[in-house]
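**Student:** This is the structure, below, for whatever I ask next.
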2 protein chains.
Amino acid sequence: MRSLALPASLFATHRFAAVQRVTGVLLMLFSMTMLPPLLISLIRDEGVAYAFAEGLALTLLTGVAVWWPVRHAETELKTRDGFLVVVLFWVVLSTFGAIPFYVTHTGWPSFVDAMFESTSGLTTTGATVATGLDTMPWAILFYRAQLHWLGGMGVIVLAVALLPMLGIGGMQLFRAETPGPMKDAKLTPRIAGTARALWLVYVMITLVCAWVYWLVGMPLFDAICHAMSTISTGGFANHDASIGHYQSLAIEIAVMVFLLVGAMNFALHFVAWRSRSLLVYLRDPEFRAFAVTVLVLSALVCVPLWLSGTYDSFGTALRMGMFQLIAYATTAGFATADPTPWPAYVPLLIVLSGFMVGCAGSTAGGVKMTRLVLFMKQAMREMQRLLHPNATIPLKLGGKTVPDDIVYAVGGFFSVYVGLTILLTFVMIGTGLDPVTAFSAVAACINNVGPGLGSVNATMAGVSVFGKWVLIVTMIIGRLEIFTFLIVFTPGFWRR
Amino acid sequence: MRSLALPASLFATHRFAAVQRVTGVLLMLFSMTMLPPLLISLIRDEGVAYAFAEGLALTLLTGVAVWWPVRHAETELKTRDGFLVVVLFWVVLSTFGAIPFYVTHTGWPSFVDAMFESTSGLTTTGATVATGLDTMPWAILFYRAQLHWLGGMGVIVLAVALLPMLGIGGMQLFRAETPGPMKDAKLTPRIAGTARALWLVYVMITLVCAWVYWLVGMPLFDAICHAMSTISTGGFANHDASIGHYQSLAIEIAVMVFLLVGAMNFALHFVAWRSRSLLVYLRDPEFRAFAVTVLVLSALVCVPLWLSGTYDSFGTALRMGMFQLIAYATTAGFATADPTPWPAYVPLLIVLSGFMVGCAGSTAGGVKMTRLVLFMKQAMREMQRLLHPNATIPLKLGGKTVPDDIVYAVGGFFSVYVGLTILLTFVMIGTGLDPVTAFSAVAACINNVGPGLGSVNATMAGVSVFGKWVLIVTMIIGRLEIFTFLIVFTPGFWRR
Ligand SMILES: [K+]
Ligand SMILES: [K+]
């Protein structure tokens with residue numbers, strides 16, 4: 001017979017003690033990120049320092065209160081705890097990250113707006129509900145860009161810590177370096193070391209990006225903020241007109257280049273940097289598919305733009321088409337134009353590009369290029385199977401055989417992703433949006449792109465309160481690649 | 001070294017002799033189906049007998065010409081020949097079936113229109129480019145319904161002959177009767193016997209349907225034609241207002257019931273008839289999912305229809321909502337109203353229902369309910385796998401473990417289906433349709449439903465010539481569940 005008596009040490013060593021401890025530590029660490037904007041506000045005397053002080057204090061105190069009771073608990077994180085940590089991490093940090101927005105009221109009249117902006121920041125979505133960015137305090141602009149940057153980096157660190165057991169992501173991240181099957185990977189010193197190396201690459205690329213932005217004519221503060229929101233493929237800009245504010249071809253080209261860098265596998269950057277060789281990229285099947293897809297999509301966007309006379313010259317059509325395509329495809333969502341009135345299929349193709357181009361192990365959203373490559377190969381194999389029912393046909397990627405359970409995971413993931421997008425589109429139509437706008441809003445959030453079409457292009461302020469909550473959840477679901485999020489809501493997860 | 005000399009007997013025993021022989025025989029058989037409308041026209045003195053006489057003569061002579069040179073060839077059909085036969089069967093019969101439409105010019109000004117009507121008939125799509133049905137000669141109305149009926153039956157016979165090697169379809173069809181793994185099933189006398197039994201069930205259900213239609217007040221000729229286009233889930237009607245012509249609740253209820261019967265697995269009907277038990281249905285997991293899905297979708301359609309005040313009473317909202325939902329979901333596409341102006345997500349949900357409800361082994365189109373059930377189970381298993389990475393979790397359906405390669409096939413199929421729908425939607429947007437209309441047209445054709453939304457609801461006559469050809473191919477691709485069609489266009493298929 002089971003004992004009904006509660007153990008005396010329940011609150012110190014309960015089942016989720018390890019989860020609680022990690023969450024507390026994360027909150028304390030996160031509170032420190034309010035310091036830079038706090039300092040900026042004080043230095044520039046912008047009068048919003050109180051908002052970041054309140055945010056810092058509330059987050060830090062909560063973190064301590066969560067961590068303190070279990071600080072001595074010696075339980076370790078189990079496989080299933082990892083999922084809970086990830087989901088809590090994103091929900092809790094999005095909530096506490098909203099405090100400065102909510103307290104200032106500058107562009108966020110209610111809590112849902114503040115939460116939307118914060119979640120949009122951390123998930124590197126970049127959809128905004130604020131306007132008046134051109135006159136916004138620097139502290140707030142910096143804070144927004146920093147949320148992106150933390151979210152982008154966070155995903156990679158999380159990938160290192162958690163994705164090996166999720167299948168494709170972790171495998172892709174370490175494929176270039178680590179031998180052996182990835183599901184055996186634990187947080188060993190070696191992998192933690194790799195995570196630190198990737199972190200270093202991330203910082204360095206961001207610094208190079210800021211420097212280049214400054215060289216091609218961006219003001220220094222904008223260069224720093226936009227570098228953070230570029231490498232994280234976030235898309236928050238310091239101006240209502242986004243990158244269109246500068247009307248500079250040089251800046252647009254620089255942004256496109258660094259967006260593509262951010263949407264590529266950072267493990268590739270790391271290996272390329274260590275081996276001082278660009279051949280690393282060319283040897284990677286995901287990169288090759290990425291490059292070809294971006295070129296094909298650009299052609300499919302620019303040619304009708306030119307033929308339809310939307311812009312008066314081929315050069316302008318190319319410039320506008322490629323920027324918008326790359327900004328959406330890399331899931332950043334920067335803009336120099338609103339593609340909604342563009343001809344025929346072009347606006348929808350741009351929205352669709354957000355699903356497919358981002359690479360595994362990058363800061364980009366979407367279903368990830370590797371999965372699409374595996375899926376195409378699977379479809380081809382399926383047809384071979386029909387012709388040769390008794391043949392065993394291995395599925396190869398970059399010369400290596402991909403285990404069948406990973407191919408399984410891709411099929412399931414892709415189907416759930418599409419199903420959820422359709423379901424959420426229907427929900428958003430229910431909140432009063434027309435079908436195309438609703439689809440574009442859901443695609444923009446689930447892929448962490450940011451802007452949609454029509455009334456949800458420049459700002460999502462016009463969406464209903466219920467719709468905003470739906471999109472907030474959508475952004476987190478997209479960032480966590482769905483299963484990590486859904487699994488926490490299955491009964492099996494909570495069974496002992 | 002290979003010999004470059006051609007064998008003397010090339011034209012009698014070439015590689016595809018067996019395919020050629022079967023195609024010739026099929027054409028000769030098909031020419032006989034022009035006899036009933038020919039007789040109807042002669043008896044009623046409608047003046048279109050010449051059209052069917054020309055169709056009969058041309059089809060018969062071509063069939064003889066194709067068959068004659070290889071009549072003695074003793075090669076047998078190989079696995080890959082099966083695919084070629086199926087694709088040829090649909091393309092060739094759709095072409096020859098267009099002759100009577102083209103020759104009469106009654107409602108089909110050009111060949112593409114005639115071909116569209118014929119393909120729409122044989123694939124049981126039921127999209128029409130003709131108007132003026134109310135004054136159309138009976139011979140033509142009968143011929144249209146008969147095309148549906150042949151197409152519906154044909155699919156089942158083809159399933160018997162060919163689907164075992166395609167995975168799910170054949171397995172589902174014989175699951176109720178045949179032991180052992182289905183990929184070993186060949187065209188044995190026993191299976192041919194089963195095919196004949198299914199054919200008998202099909203004829204009998206059609207007769208019962210016609211009788212019931214006549215009982216509830218349909219004129220006898222309409223009852224016969226509509227029975228054929230109901231059981232085949234085709235959807236061609238004898239009136240421009242479709243079933244709405246009768247303004248009769250009794251007729252609408254009868255149509256809904258027989259549409260559901262047509263969209264169910266005919267192997268189930270067969271077993272239920274033999275065992276004189278309705279429990280057969282309740283024990284089938286696909287039927288249960290089918291019933292629940294139809295009920296849930298009906299609620300999701302009828303409730304907003306009622307709350308929005310689209311119809312003045314709940315009763316009318318229920319009547320209109322359920323009829324349209326069931327007509328689309330069973331992929332027949334009969335109508336008593338145009339759902340385009342219905343509120344919020346309702347029109348798109350109705351279009352979407354065509355993808356999911358039809359059962360394997362039925363006459364309906366779409367991705368088939370069994371595949372959706374397998375896919376949901378796969379998604380659940382995927383999450384269990386994440387929690388228990390080392391566990392082996394079998395995927396069960398109706399108490400039996402489904403082999404992994406069939407689950408693979410489902411994932412691949414579903415993804416290709418969605419991908420192709422998106423691609424074709426973009427092509428149709430390119431022909432000048434707006435995104436929602438384009439999507440509804442592609443969905444209506446790939447799922448073999450028929451009517452879309454807006455300008456492609458009542459008739460597809462307004463689609464451009466190029467667009468019509470795209471939709472013709474789409475209907476055939478949908479009917480052949482994509483892979484059978486695509487495989488014939490892969491280089492591997494033609495390799496010796
Ligand atoms: K992003
Ligand atoms: K159908």
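In the structure tokens, chains take the letters A, B, ... in the order shown, each chain's residues start at 1, and ligands count up from 1 in the order shown.
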Can you list, as a ChimeraX atom specification, all residues belonging to region 253-422 of chain B that DSSP tags as strand (DSSP E)?
**Tutor:** /B:396-397,400-401
**Student:** Emit the selected residues as a PDB file, in the first residue's frame, including N, CA and C atoms.
**Tutor:**
ATOM      1  N   LYS B 396      -0.352   1.001 -33.344  1.00  0.00           N
ATOM      2  CA  LYS B 396      -1.445   0.052 -33.555  1.00  0.00           C
ATOM      3  C   LYS B 396      -2.669   0.716 -34.173  1.00  0.00           C
ATOM      4  N   LEU B 397      -3.342  -0.022 -35.034  1.00  0.00           N
ATOM      5  CA  LEU B 397      -4.586   0.439 -35.646  1.00  0.00           C
ATOM      6  C   LEU B 397      -5.559  -0.730 -35.638  1.00  0.00           C
ATOM      7  N   LYS B 400      -4.100  -4.040 -34.494  1.00  0.00           N
ATOM      8  CA  LYS B 400      -2.965  -4.625 -35.212  1.00  0.00           C
ATOM      9  C   LYS B 400      -1.828  -3.622 -35.334  1.00  0.00           C
ATOM     10  N   THR B 401      -0.608  -4.106 -35.228  1.00  0.00           N
ATOM     11  CA  THR B 401       0.561  -3.242 -35.378  1.00  0.00           C
ATOM     12  C   THR B 401       0.739  -2.880 -36.854  1.00  0.00           C
TER      13      THR B 401
END
**Student:** Considering only C-alpha atoms, extract the chain B residues located within 6 Å of chain A and return them as a PDB file with N, CA and C atoms, in the first residue's frame.
**Tutor:**
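Printed below is result.pdb as written:
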ATOM      1  N   ARG B  80       6.093  -2.367 -62.158  1.00  0.00           N
ATOM      2  CA  ARG B  80       6.169  -0.995 -62.679  1.00  0.00           C
ATOM      3  C   ARG B  80       5.179  -0.766 -63.815  1.00  0.00           C
ATOM      4  N   ALA B 344     -16.683  34.087 -41.172  1.00  0.00           N
ATOM      5  CA  ALA B 344     -15.391  33.726 -40.577  1.00  0.00           C
ATOM      6  C   ALA B 344     -14.694  32.581 -41.299  1.00  0.00           C
ATOM      7  N   TYR B 345     -14.300  31.569 -40.552  1.00  0.00           N
ATOM      8  CA  TYR B 345     -13.502  30.479 -41.089  1.00  0.00           C
ATOM      9  C   TYR B 345     -14.337  29.434 -41.828  1.00  0.00           C
ATOM     10  N   ALA B 379       2.202  11.216 -34.442  1.00  0.00           N
ATOM     11  CA  ALA B 379       2.572  12.421 -33.687  1.00  0.00           C
ATOM     12  C   ALA B 379       2.613  12.110 -32.187  1.00  0.00           C
ATOM     13  N   MET B 383       6.034  12.037 -29.540  1.00  0.00           N
ATOM     14  CA  MET B 383       6.205  12.674 -28.230  1.00  0.00           C
ATOM     15  C   MET B 383       6.597  11.652 -27.169  1.00  0.00           C
ATOM     16  N   LEU B 387      10.153  11.394 -24.698  1.00  0.00           N
ATOM     17  CA  LEU B 387      10.212  11.149 -23.256  1.00  0.00           C
ATOM     18  C   LEU B 387      10.968   9.863 -22.941  1.00  0.00           C
ATOM     19  N   GLY B 411       3.652   9.636 -43.830  1.00  0.00           N
ATOM     20  CA  GLY B 411       4.339  10.918 -43.621  1.00  0.00           C
ATOM     21  C   GLY B 411       4.744  11.541 -44.947  1.00  0.00           C
ATOM     22  N   GLY B 412       5.374  10.740 -45.801  1.00  0.00           N
ATOM     23  CA  GLY B 412       5.827  11.240 -47.086  1.00  0.00           C
ATOM     24  C   GLY B 412       4.655  11.690 -47.953  1.00  0.00           C
ATOM     25  N   PHE B 426      -0.150  28.371 -56.082  1.00  0.00           N
ATOM     26  CA  PHE B 426       0.658  29.477 -56.611  1.00  0.00           C
ATOM     27  C   PHE B 426       0.511  29.567 -58.129  1.00  0.00           C
ATOM     28  N   ILE B 429      -2.818  31.125 -58.816  1.00  0.00           N
ATOM     29  CA  ILE B 429      -2.775  32.570 -58.559  1.00  0.00           C
ATOM     30  C   ILE B 429      -2.146  33.255 -59.768  1.00  0.00           C
ATOM     31  N   GLY B 430      -1.132  32.589 -60.345  1.00  0.00           N
ATOM     32  CA  GLY B 430      -0.476  33.126 -61.529  1.00  0.00           C
ATOM     33  C   GLY B 430      -1.412  33.258 -62.724  1.00  0.00           C
ATOM     34  N   ILE B 487       5.473   8.939 -60.212  1.00  0.00           N
ATOM     35  CA  ILE B 487       6.498   7.916 -60.407  1.00  0.00           C
ATOM     36  C   ILE B 487       6.777   7.666 -61.883  1.00  0.00           C
TER      37      ILE B 487
END
**Student:** Using only C-alpha atoms, which residues sit within 12 Å of Phe221 (chain B) once same-chain residues fewer than 3 positions away are excluded, as a CSV table (one decimal) with N, CA and C atoms, in the first residue's frame?
**Tutor:**
chain,number,residue,atom,x,y,z
B,40,ILE,N,-30.4,6.3,-75.3
B,40,ILE,CA,-31.3,7.3,-74.7
B,40,ILE,C,-31.6,8.4,-75.7
B,137,PRO,N,-29.8,17.7,-73.0
B,137,PRO,CA,-30.4,16.4,-73.4
B,137,PRO,C,-30.1,15.4,-72.3
B,138,TRP,N,-31.1,14.5,-72.1
B,138,TRP,CA,-30.9,13.4,-71.1
B,138,TRP,C,-29.7,12.6,-71.4
B,139,ALA,N,-29.4,12.3,-72.7
B,139,ALA,CA,-28.3,11.5,-73.1
B,139,ALA,C,-27.0,12.0,-72.5
B,141,LEU,N,-26.7,14.2,-69.8
B,141,LEU,CA,-26.8,14.1,-68.4
B,141,LEU,C,-26.5,12.7,-67.9
B,142,PHE,N,-27.0,11.7,-68.6
B,142,PHE,CA,-26.8,10.3,-68.2
B,142,PHE,C,-25.3,10.0,-68.4
B,145,ALA,N,-23.2,11.3,-65.5
B,145,ALA,CA,-23.4,10.5,-64.3
B,145,ALA,C,-22.6,9.2,-64.4
B,210,ALA,N,-30.9,4.8,-55.8
B,210,ALA,CA,-31.8,5.3,-56.9
B,210,ALA,C,-33.3,5.1,-56.4
B,211,TRP,N,-33.5,3.9,-55.8
B,211,TRP,CA,-34.9,3.6,-55.4
B,211,TRP,C,-35.3,4.6,-54.2
B,213,TYR,N,-34.1,7.6,-53.6
B,213,TYR,CA,-34.2,8.9,-54.2
B,213,TYR,C,-35.6,9.1,-54.9
B,214,TRP,N,-36.0,8.0,-55.6
B,214,TRP,CA,-37.3,8.1,-56.2
B,214,TRP,C,-38.4,8.1,-55.2
B,217,GLY,N,-39.1,11.5,-53.7
B,217,GLY,CA,-39.7,12.5,-54.5
B,217,GLY,C,-38.9,12.9,-55.7
B,218,MET,N,-37.7,12.3,-56.0
B,218,MET,CA,-37.0,12.7,-57.2
B,218,MET,C,-37.6,12.1,-58.4
B,224,ILE,N,-31.9,8.1,-60.9
B,224,ILE,CA,-30.9,7.1,-61.5
B,224,ILE,C,-29.6,7.9,-61.6
B,225,CYS,N,-29.6,9.0,-62.3
B,225,CYS,CA,-28.4,9.8,-62.5
B,225,CYS,C,-27.7,10.2,-61.2
B,226,HIS,N,-28.5,10.7,-60.3
B,226,HIS,CA,-28.0,11.2,-59.0
B,226,HIS,C,-27.5,10.1,-58.1
B,227,ALA,N,-28.1,8.9,-58.2
B,227,ALA,CA,-27.6,7.8,-57.5
B,227,ALA,C,-26.2,7.4,-58.0
B,228,MET,N,-26.0,7.4,-59.3
B,228,MET,CA,-24.7,7.2,-59.8
B,228,MET,C,-23.7,8.2,-59.4
B,237,ALA,N,-24.7,17.1,-61.2
B,237,ALA,CA,-26.1,17.1,-61.0
B,237,ALA,C,-26.8,17.4,-62.3
B,238,ASN,N,-28.1,17.1,-62.3
B,238,ASN,CA,-28.9,17.3,-63.6
B,238,ASN,C,-29.5,18.7,-63.6
**Student:** How far is it from CA of Leu249 (chain A) to CA of Leu220 (chain A), in Å with one decimal?
**Tutor:**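 Distance reported for this atom pair: 17.9 Å.
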**Student:** Considering only C-alpha atoms and all ligand atoms, can you say which of A:His245, A:His148, A:Arg274, A:Arg71 comes closest to ligand 1?
**Tutor:**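 For ligand 1, the nearest of the candidates is A:His148.
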